[in-house]
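**Q** For reference, the file upload_8.txt (compact mmCIF, C-alpha atoms and all ligand atoms) is included below:
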```
# COMPACT_ATOMS: atom_id res chain seq x y z
CA MET A 18 339.02 -23.39 23.85
CA THR A 19 342.41 -23.96 25.44
CA THR A 20 343.94 -23.75 28.88
CA GLN A 21 347.41 -24.15 27.34
CA ALA A 22 349.96 -21.51 28.49
CA SER A 23 350.67 -18.84 25.89
CA HIS A 24 353.80 -19.18 23.72
CA GLY A 25 354.08 -15.39 23.94
CA THR A 26 352.27 -12.71 21.99
CA ALA A 27 352.80 -12.26 18.27
CA LEU A 28 352.18 -8.84 16.71
CA ILE A 29 351.21 -9.27 13.05
CA THR A 30 350.96 -6.30 10.68
CA GLY A 31 348.63 -6.53 7.69
CA ALA A 32 346.60 -9.16 9.53
CA SER A 33 343.23 -8.22 8.02
CA SER A 34 343.67 -10.34 4.88
CA GLY A 35 345.88 -12.63 2.83
CA ILE A 36 349.21 -13.83 4.25
CA GLY A 37 348.87 -11.86 7.52
CA ALA A 38 345.45 -13.35 8.30
CA LEU A 39 346.87 -16.84 7.66
CA TYR A 40 349.77 -16.14 10.05
CA ALA A 41 347.18 -15.11 12.64
CA LYS A 42 345.33 -18.42 12.24
CA ARG A 43 348.45 -20.57 12.33
CA LEU A 44 350.10 -18.73 15.23
CA ALA A 45 346.93 -18.84 17.34
CA ALA A 46 346.72 -22.60 16.70
CA ARG A 47 350.37 -22.89 17.82
CA GLY A 48 349.51 -21.24 21.16
CA HIS A 49 350.39 -17.59 20.60
CA ASP A 50 348.27 -14.71 21.83
CA LEU A 51 347.94 -12.11 19.11
CA ILE A 52 347.89 -8.41 18.34
CA LEU A 53 346.41 -7.90 14.88
CA VAL A 54 347.31 -4.67 13.06
CA ALA A 55 345.80 -3.18 9.88
CA ARG A 56 343.47 -0.35 8.84
CA SER A 57 340.21 -2.31 8.42
CA ARG A 58 338.65 -2.54 11.88
CA GLN A 59 335.70 -4.69 10.79
CA ARG A 60 337.88 -7.37 9.25
CA LEU A 61 340.26 -7.41 12.20
CA ASP A 62 337.41 -7.62 14.73
CA ARG A 63 335.81 -10.50 12.84
CA LEU A 64 339.07 -12.43 12.64
CA ALA A 65 339.91 -11.73 16.29
CA GLN A 66 336.55 -13.00 17.49
CA CYS A 67 336.71 -16.11 15.32
CA LEU A 68 340.26 -16.98 16.47
CA HIS A 69 339.47 -16.36 20.11
CA GLU A 70 336.40 -18.61 19.92
CA LYS A 71 338.33 -21.34 18.09
CA THR A 72 341.55 -21.36 20.11
CA GLY A 73 340.84 -19.54 23.38
CA ARG A 74 343.86 -17.32 22.79
CA ARG A 75 343.76 -13.62 23.67
CA VAL A 76 343.45 -11.69 20.41
CA GLU A 77 343.70 -7.89 20.42
CA VAL A 78 343.05 -5.54 17.54
CA LEU A 79 345.09 -2.44 16.84
CA VAL A 80 343.72 -0.30 14.03
CA ALA A 81 346.54 1.73 12.52
CA ASP A 82 347.62 3.12 9.18
CA LEU A 83 351.31 2.21 9.05
CA GLY A 84 351.85 4.65 6.20
CA ASP A 85 351.07 7.43 8.63
CA ARG A 86 353.65 8.39 11.31
CA GLN A 87 350.99 8.72 14.04
CA GLY A 88 349.51 5.31 13.29
CA LEU A 89 352.96 3.81 13.09
CA ALA A 90 353.94 5.38 16.44
CA LEU A 91 350.99 3.61 18.12
CA VAL A 92 352.32 0.23 17.01
CA GLU A 93 355.94 1.10 17.84
CA GLN A 94 354.79 2.01 21.35
CA GLN A 95 353.19 -1.42 21.82
CA LEU A 96 356.37 -3.16 20.69
CA ARG A 97 358.55 -1.08 23.01
CA SER A 98 356.41 -1.42 26.10
CA ARG A 99 354.87 -4.90 26.07
CA ASP A 100 357.01 -7.57 27.71
CA ASP A 101 354.66 -10.30 26.48
CA VAL A 102 355.37 -9.64 22.76
CA SER A 103 358.02 -12.11 21.61
CA LEU A 104 357.31 -12.29 17.88
CA LEU A 105 356.89 -9.54 15.28
CA VAL A 106 355.53 -10.53 11.86
CA ASN A 107 356.39 -7.56 9.64
CA ASN A 108 353.94 -8.42 6.87
CA ALA A 109 351.96 -5.33 5.80
CA GLY A 110 352.97 -4.26 2.34
CA ILE A 111 351.72 -3.10 -1.03
CA GLY A 112 353.00 -3.57 -4.56
CA ALA A 113 352.46 -2.31 -8.08
CA THR A 114 352.48 -3.96 -11.47
CA THR A 115 353.02 -0.80 -13.54
CA ALA A 116 356.32 -0.14 -15.32
CA LEU A 117 358.66 2.28 -13.52
CA LEU A 118 358.05 5.37 -15.63
CA ASP A 119 354.31 4.71 -15.85
CA SER A 120 354.09 4.80 -12.07
CA ASP A 121 353.06 7.82 -10.05
CA VAL A 122 356.05 8.86 -7.94
CA ASP A 123 353.80 9.78 -5.00
CA ALA A 124 352.33 6.25 -5.03
CA MET A 125 355.89 4.86 -5.14
CA THR A 126 356.82 7.03 -2.16
CA ARG A 127 353.81 5.71 -0.19
CA MET A 128 354.94 2.18 -1.03
CA ILE A 129 358.42 2.93 0.33
CA GLU A 130 356.86 4.42 3.49
CA LEU A 131 354.94 1.19 4.17
CA ASN A 132 357.26 -1.52 2.83
CA VAL A 133 360.53 0.04 4.04
CA THR A 134 360.04 2.79 6.62
CA ALA A 135 357.26 1.15 8.65
CA LEU A 136 358.94 -2.27 8.57
CA THR A 137 362.24 -0.74 9.69
CA ARG A 138 360.74 1.36 12.49
CA LEU A 139 358.82 -1.65 13.82
CA ALA A 140 362.01 -3.75 13.83
CA TYR A 141 363.76 -0.91 15.70
CA ALA A 142 360.91 -0.81 18.22
CA ALA A 143 360.95 -4.57 18.86
CA ALA A 144 364.61 -5.57 18.66
CA PRO A 145 366.13 -3.75 21.69
CA ARG A 146 363.60 -5.32 24.06
CA PHE A 147 364.07 -8.76 22.47
CA VAL A 148 367.84 -8.34 22.97
CA ALA A 149 367.33 -7.27 26.60
CA GLN A 150 365.15 -10.35 27.19
CA GLY A 151 367.58 -12.60 25.30
CA ARG A 152 364.74 -14.00 23.19
CA GLY A 153 362.33 -13.02 20.46
CA ALA A 154 361.89 -13.28 16.71
CA ILE A 155 361.19 -11.03 13.76
CA ILE A 156 359.68 -12.46 10.58
CA ASN A 157 359.96 -10.06 7.63
CA ILE A 158 357.86 -10.77 4.56
CA ALA A 159 360.05 -10.02 1.55
CA SER A 160 359.46 -11.26 -2.03
CA ILE A 161 361.28 -12.96 -4.88
CA VAL A 162 361.31 -9.58 -6.65
CA GLY A 163 363.87 -8.49 -4.05
CA ILE A 164 366.18 -10.91 -5.88
CA ALA A 165 364.68 -10.41 -9.35
CA PRO A 166 363.39 -6.80 -9.63
CA GLU A 167 362.93 -7.25 -13.40
CA ILE A 168 359.76 -9.28 -12.76
CA LEU A 169 357.45 -6.53 -11.43
CA ASN A 170 357.44 -2.82 -10.68
CA GLY A 171 361.04 -1.85 -9.91
CA VAL A 172 360.33 0.26 -6.84
CA TYR A 173 358.39 -2.63 -5.33
CA GLY A 174 361.34 -4.93 -6.07
CA ALA A 175 363.72 -2.41 -4.53
CA THR A 176 361.65 -2.21 -1.32
CA LYS A 177 361.84 -5.99 -1.03
CA ALA A 178 365.61 -6.00 -1.74
CA PHE A 179 365.82 -3.64 1.23
CA VAL A 180 363.89 -6.16 3.35
CA LEU A 181 366.32 -8.93 2.35
CA ALA A 182 369.40 -6.80 3.13
CA LEU A 183 367.97 -5.56 6.44
CA SER A 184 367.09 -9.12 7.46
CA GLN A 185 370.60 -10.32 6.63
CA SER A 186 372.08 -7.52 8.70
CA LEU A 187 369.69 -7.98 11.64
CA HIS A 188 370.57 -11.67 11.67
CA HIS A 189 374.28 -10.83 11.58
CA GLU A 190 373.97 -8.52 14.59
CA LEU A 191 371.30 -10.25 16.67
CA ALA A 192 371.67 -14.01 16.19
CA GLY A 193 374.26 -14.17 18.99
CA LYS A 194 371.88 -12.30 21.31
CA GLY A 195 369.07 -14.83 21.25
CA VAL A 196 366.97 -13.04 18.61
CA ARG A 197 365.80 -15.01 15.55
CA ILE A 198 365.33 -13.32 12.18
CA GLN A 199 363.60 -14.87 9.18
CA ALA A 200 362.95 -13.33 5.76
CA VAL A 201 360.15 -15.07 3.89
CA VAL A 202 360.58 -14.84 0.12
CA PRO A 203 357.30 -15.64 -1.64
CA GLY A 204 356.67 -15.79 -5.35
CA ALA A 205 353.13 -14.96 -6.50
CA VAL A 206 350.51 -15.78 -3.87
CA ALA A 207 346.73 -15.74 -4.37
CA THR A 208 345.71 -12.71 -2.26
CA GLU A 209 344.16 -9.28 -2.69
CA PHE A 210 347.71 -7.95 -3.13
CA TRP A 211 347.33 -8.34 -6.88
CA THR A 212 344.08 -6.37 -7.15
CA VAL A 213 345.57 -3.57 -5.03
CA ALA A 214 348.74 -3.68 -7.19
CA GLY A 215 346.75 -3.27 -10.41
CA THR A 216 346.50 -6.78 -11.94
CA PRO A 217 343.98 -9.36 -10.68
CA VAL A 218 345.64 -12.62 -9.65
CA ASP A 219 343.46 -14.50 -12.19
CA ALA A 220 345.49 -12.83 -14.95
CA LEU A 221 348.60 -14.78 -13.87
CA PRO A 222 349.39 -18.30 -15.10
CA SER A 223 348.02 -20.57 -12.35
CA GLU A 224 351.24 -22.64 -12.29
CA ILE A 225 353.18 -19.72 -10.77
CA VAL A 226 350.60 -18.85 -8.09
CA MET A 227 350.78 -20.41 -4.61
CA GLN A 228 347.84 -20.53 -2.20
CA ALA A 229 348.33 -18.35 0.89
CA ASP A 230 347.86 -21.23 3.36
CA ASP A 231 350.55 -23.30 1.56
CA LEU A 232 352.87 -20.29 1.64
CA VAL A 233 352.42 -19.65 5.35
CA ASP A 234 352.71 -23.34 6.28
CA ALA A 235 355.98 -23.57 4.30
CA ALA A 236 357.26 -20.33 5.84
CA LEU A 237 356.59 -21.66 9.35
CA ALA A 238 358.29 -24.95 8.46
CA GLY A 239 361.32 -22.89 7.38
CA PHE A 240 361.13 -20.92 10.63
CA ASP A 241 361.07 -24.17 12.63
CA GLN A 242 364.13 -25.36 10.68
CA GLY A 243 365.99 -22.21 11.76
CA GLU A 244 366.24 -20.70 8.27
CA LEU A 245 367.20 -17.07 7.75
CA PHE A 246 365.79 -17.05 4.20
CA THR A 247 362.80 -19.20 3.26
CA ILE A 248 361.85 -19.42 -0.42
CA PRO A 249 358.80 -21.69 -0.43
CA SER A 250 358.70 -22.18 -4.24
CA LEU A 251 362.36 -22.96 -4.84
CA PRO A 252 362.69 -26.72 -5.50
CA GLU A 253 366.45 -27.02 -4.86
CA LEU A 254 367.94 -25.49 -1.70
CA ALA A 255 371.36 -26.02 -3.33
CA ASP A 256 370.55 -23.27 -5.88
CA TRP A 257 370.11 -20.72 -3.09
CA GLN A 258 373.23 -22.01 -1.34
CA ALA A 259 375.25 -21.52 -4.54
CA TYR A 260 373.91 -17.94 -4.84
CA GLU A 261 374.88 -17.24 -1.23
CA ALA A 262 378.31 -18.87 -1.70
CA ALA A 263 378.96 -16.58 -4.70
CA ARG A 264 378.01 -13.56 -2.56
CA GLN A 265 380.34 -14.68 0.23
CA GLN A 266 383.16 -15.12 -2.29
CA LEU A 267 382.81 -11.48 -3.39
CA ILE A 268 382.89 -10.01 0.11
CA PRO A 269 386.67 -10.05 0.83
CA ASN A 270 387.43 -8.25 -2.47
CA LEU A 271 384.72 -5.59 -2.50
CA SER A 272 386.82 -2.91 -0.80
CA ARG A 273 390.49 -2.56 -1.75
CA GLN A 274 393.10 0.17 -2.01
CA SER A 275 393.97 -0.67 -5.59
CA VAL A 276 391.80 -0.29 -8.67
CA ALA A 277 391.01 -3.50 -10.53
CA GLN A 278 393.28 -4.16 -13.51
CA ARG A 279 390.46 -3.76 -16.06
CA TYR A 280 389.95 -0.08 -15.05
CA ARG A 281 393.62 0.90 -15.27
CA ARG A 282 394.76 3.10 -18.16
CA ALA A 283 396.86 1.21 -20.64
P1 LIG B 301 346.96 -8.42 1.02
O1 LIG B 301 345.98 -9.52 1.16
O2 LIG B 301 346.60 -7.23 0.18
O3 LIG B 301 347.35 -7.94 2.49
C1 LIG B 301 348.01 -6.74 2.76
C2 LIG B 301 347.77 -6.40 4.22
O4 LIG B 301 348.46 -5.18 4.53
C3 LIG B 301 346.30 -6.16 4.52
O5 LIG B 301 346.01 -6.72 5.79
C4 LIG B 301 346.17 -4.65 4.58
O6 LIG B 301 345.13 -4.31 5.47
C5 LIG B 301 347.54 -4.28 5.13
N1 LIG B 301 347.89 -2.90 4.80
C6 LIG B 301 348.00 -2.34 3.58
N2 LIG B 301 348.30 -1.04 3.69
C7 LIG B 301 348.41 -0.79 5.02
C8 LIG B 301 348.69 0.38 5.79
N3 LIG B 301 348.93 1.56 5.20
N4 LIG B 301 348.70 0.28 7.13
C9 LIG B 301 348.44 -0.89 7.75
N5 LIG B 301 348.18 -2.04 7.08
C10 LIG B 301 348.15 -1.97 5.74
O7 LIG B 301 348.33 -8.96 0.42
P2 LIG B 301 349.33 -10.13 0.90
O8 LIG B 301 349.70 -10.86 -0.31
O9 LIG B 301 348.79 -10.87 2.05
O10 LIG B 301 350.58 -9.23 1.33
C11 LIG B 301 351.28 -9.42 2.52
C12 LIG B 301 352.76 -9.23 2.27
O11 LIG B 301 353.23 -10.23 1.37
C13 LIG B 301 353.16 -7.89 1.63
O12 LIG B 301 354.31 -7.38 2.27
C14 LIG B 301 353.50 -8.26 0.20
O13 LIG B 301 354.45 -7.38 -0.37
C15 LIG B 301 354.08 -9.65 0.41
N6 LIG B 301 354.09 -10.50 -0.78
C16 LIG B 301 352.94 -10.81 -1.42
C17 LIG B 301 353.00 -11.61 -2.56
C18 LIG B 301 351.76 -11.98 -3.32
O14 LIG B 301 351.89 -12.44 -4.47
N7 LIG B 301 350.57 -11.85 -2.75
C19 LIG B 301 354.23 -12.08 -3.03
C20 LIG B 301 355.39 -11.73 -2.35
C21 LIG B 301 355.31 -10.96 -1.22
P3 LIG B 301 344.21 -3.00 5.45
O15 LIG B 301 343.89 -2.73 4.02
O16 LIG B 301 343.06 -3.40 6.31
O17 LIG B 301 345.05 -1.93 6.08
```
How does the structure come out when it is put into structure tokens?

**A**
Amino acid sequence: MTTQASHGTALITGASSGIGALYAKRLAARGHDLILVARSRQRLDRLAQCLHEKTGRRVEVLVADLGDRQGLALVEQQLRSRDDVSLLVNNAGIGATTALLDSDVDAMTRMIELNVTALTRLAYAAAPRFVAQGRGAIINIASIVGIAPEILNGVYGATKAFVLALSQSLHHELAGKGVRIQAVVPGAVATEFWTVAGTPVDALPSEIVMQADDLVDAALAGFDQGELFTIPSLPELADWQAYEAARQQLIPNLSRQSVAQRYRRA
């Protein structure tokens, strides 16, 4: 038990398992009170009780289906109205391992609703109050397939490319207003994600699979270092910096009055 003052409340989506549950453990140990969001009440209740007993932090459970507008509205309402919430971990997400044209378009649409629409609406619910308070942070869980959509299902990759672009833009607009943004960019992580996506994690070569506690510890180390993008697997930071420098070099020439020479008629 602790008598330590709270470091503010963190709302974590997808906290019933995997990466989200690890964030709950680590953030409670760091002194945050918690609001845990997912659909599985039993799992959330168990985790909440265990974390409260271990750390003495206040841990609330909010059962909501974020793929459903009513469930999502419940969580948005908490983020808009609660002055104590200073950290949003936008983690809930699903993937697929099927090829694009073998995938059911309705399942792809549900994936977009969760990975893109819910994540965006929750950021919109949290950010204005964080700006008004001049403090707060949003951690968005992206994926390496946002950079390399060839690796897995293309719609999944596209949803995570959206998360990367939105995070970049939120950072651009909010960094000067006291609001921190971080996009976490995991490779394969040993969670139930893979079973839900259609391929058990055991089918992957073990050398490309990170344990969820290593991933979350690295992501929090990146957060503490003030990173906007944290890629826990990438050995050389310089490789990411070169990628970003190439992007920056393109920006001044991406919109011009004149057509590039190679597209002009001879
Ligand atoms: P996970 O263990 O399957 O966790 C997913 C979480 O999202 C669960 O808590 C699940 O809880 C929740 N969730 C799913 N659908 C939901 C819905 N409609 N409404 C509310 N909550 C919902 O997988 P994970 O690996 O920890 O995934 C977390 C995030 O990491 C995802 O955004 C995923 O894209 C990303 N990621 C994972 C990997 C990987 O290899 N595992 C790699 C890169 C990125 P309920 O079922 O109880 O609702």

**Q** Kindly give the distance, in Å, that separates atom C2 of ligand LIG 301 (chain B) and atom CA of A:Gly174, rounded to a single decimal.

**A**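 Value for the atom C2 of ligand LIG 301 (chain B)-atom CA of A:Gly174 distance: 17.1 Å.
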
**Q** Ligand LIG 301 (chain B): which residues are within 7 Å, counting only C-alpha atoms and all ligand atoms? Reply as a PyMOL selection string.

**A** chain A and resi 30-37+54-57+81-84+108-112+131-132+158-161+202-211+213

**Q** When distances are computed from only C-alpha atoms, which of A:Val148, A:Ala113, A:Leu139, A:Val133 shows the smallest separation from A:Pro166?

**A**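 Closest candidate: A:Ala113.
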
**Q** With all atoms listed in the file as the counted atoms, please give the residues lying no more than 9 Å from A:Val102, apart from itself and same-chain residues fewer than 6 positions off, as a PyMOL selection string.

**A** chain A and resi 25-28+50-52+95-96+143+147+153

**Q** Choose the residue, out of A:Phe246, A:Tyr173, A:Tyr260, A:Phe179, that has the smallest atom-to-atom separation from A:Arg197; count only C-alpha atoms.

**A**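 Nearest candidate to A:Arg197 out of A:Phe246, A:Tyr173, A:Tyr260, A:Phe179: A:Phe246.
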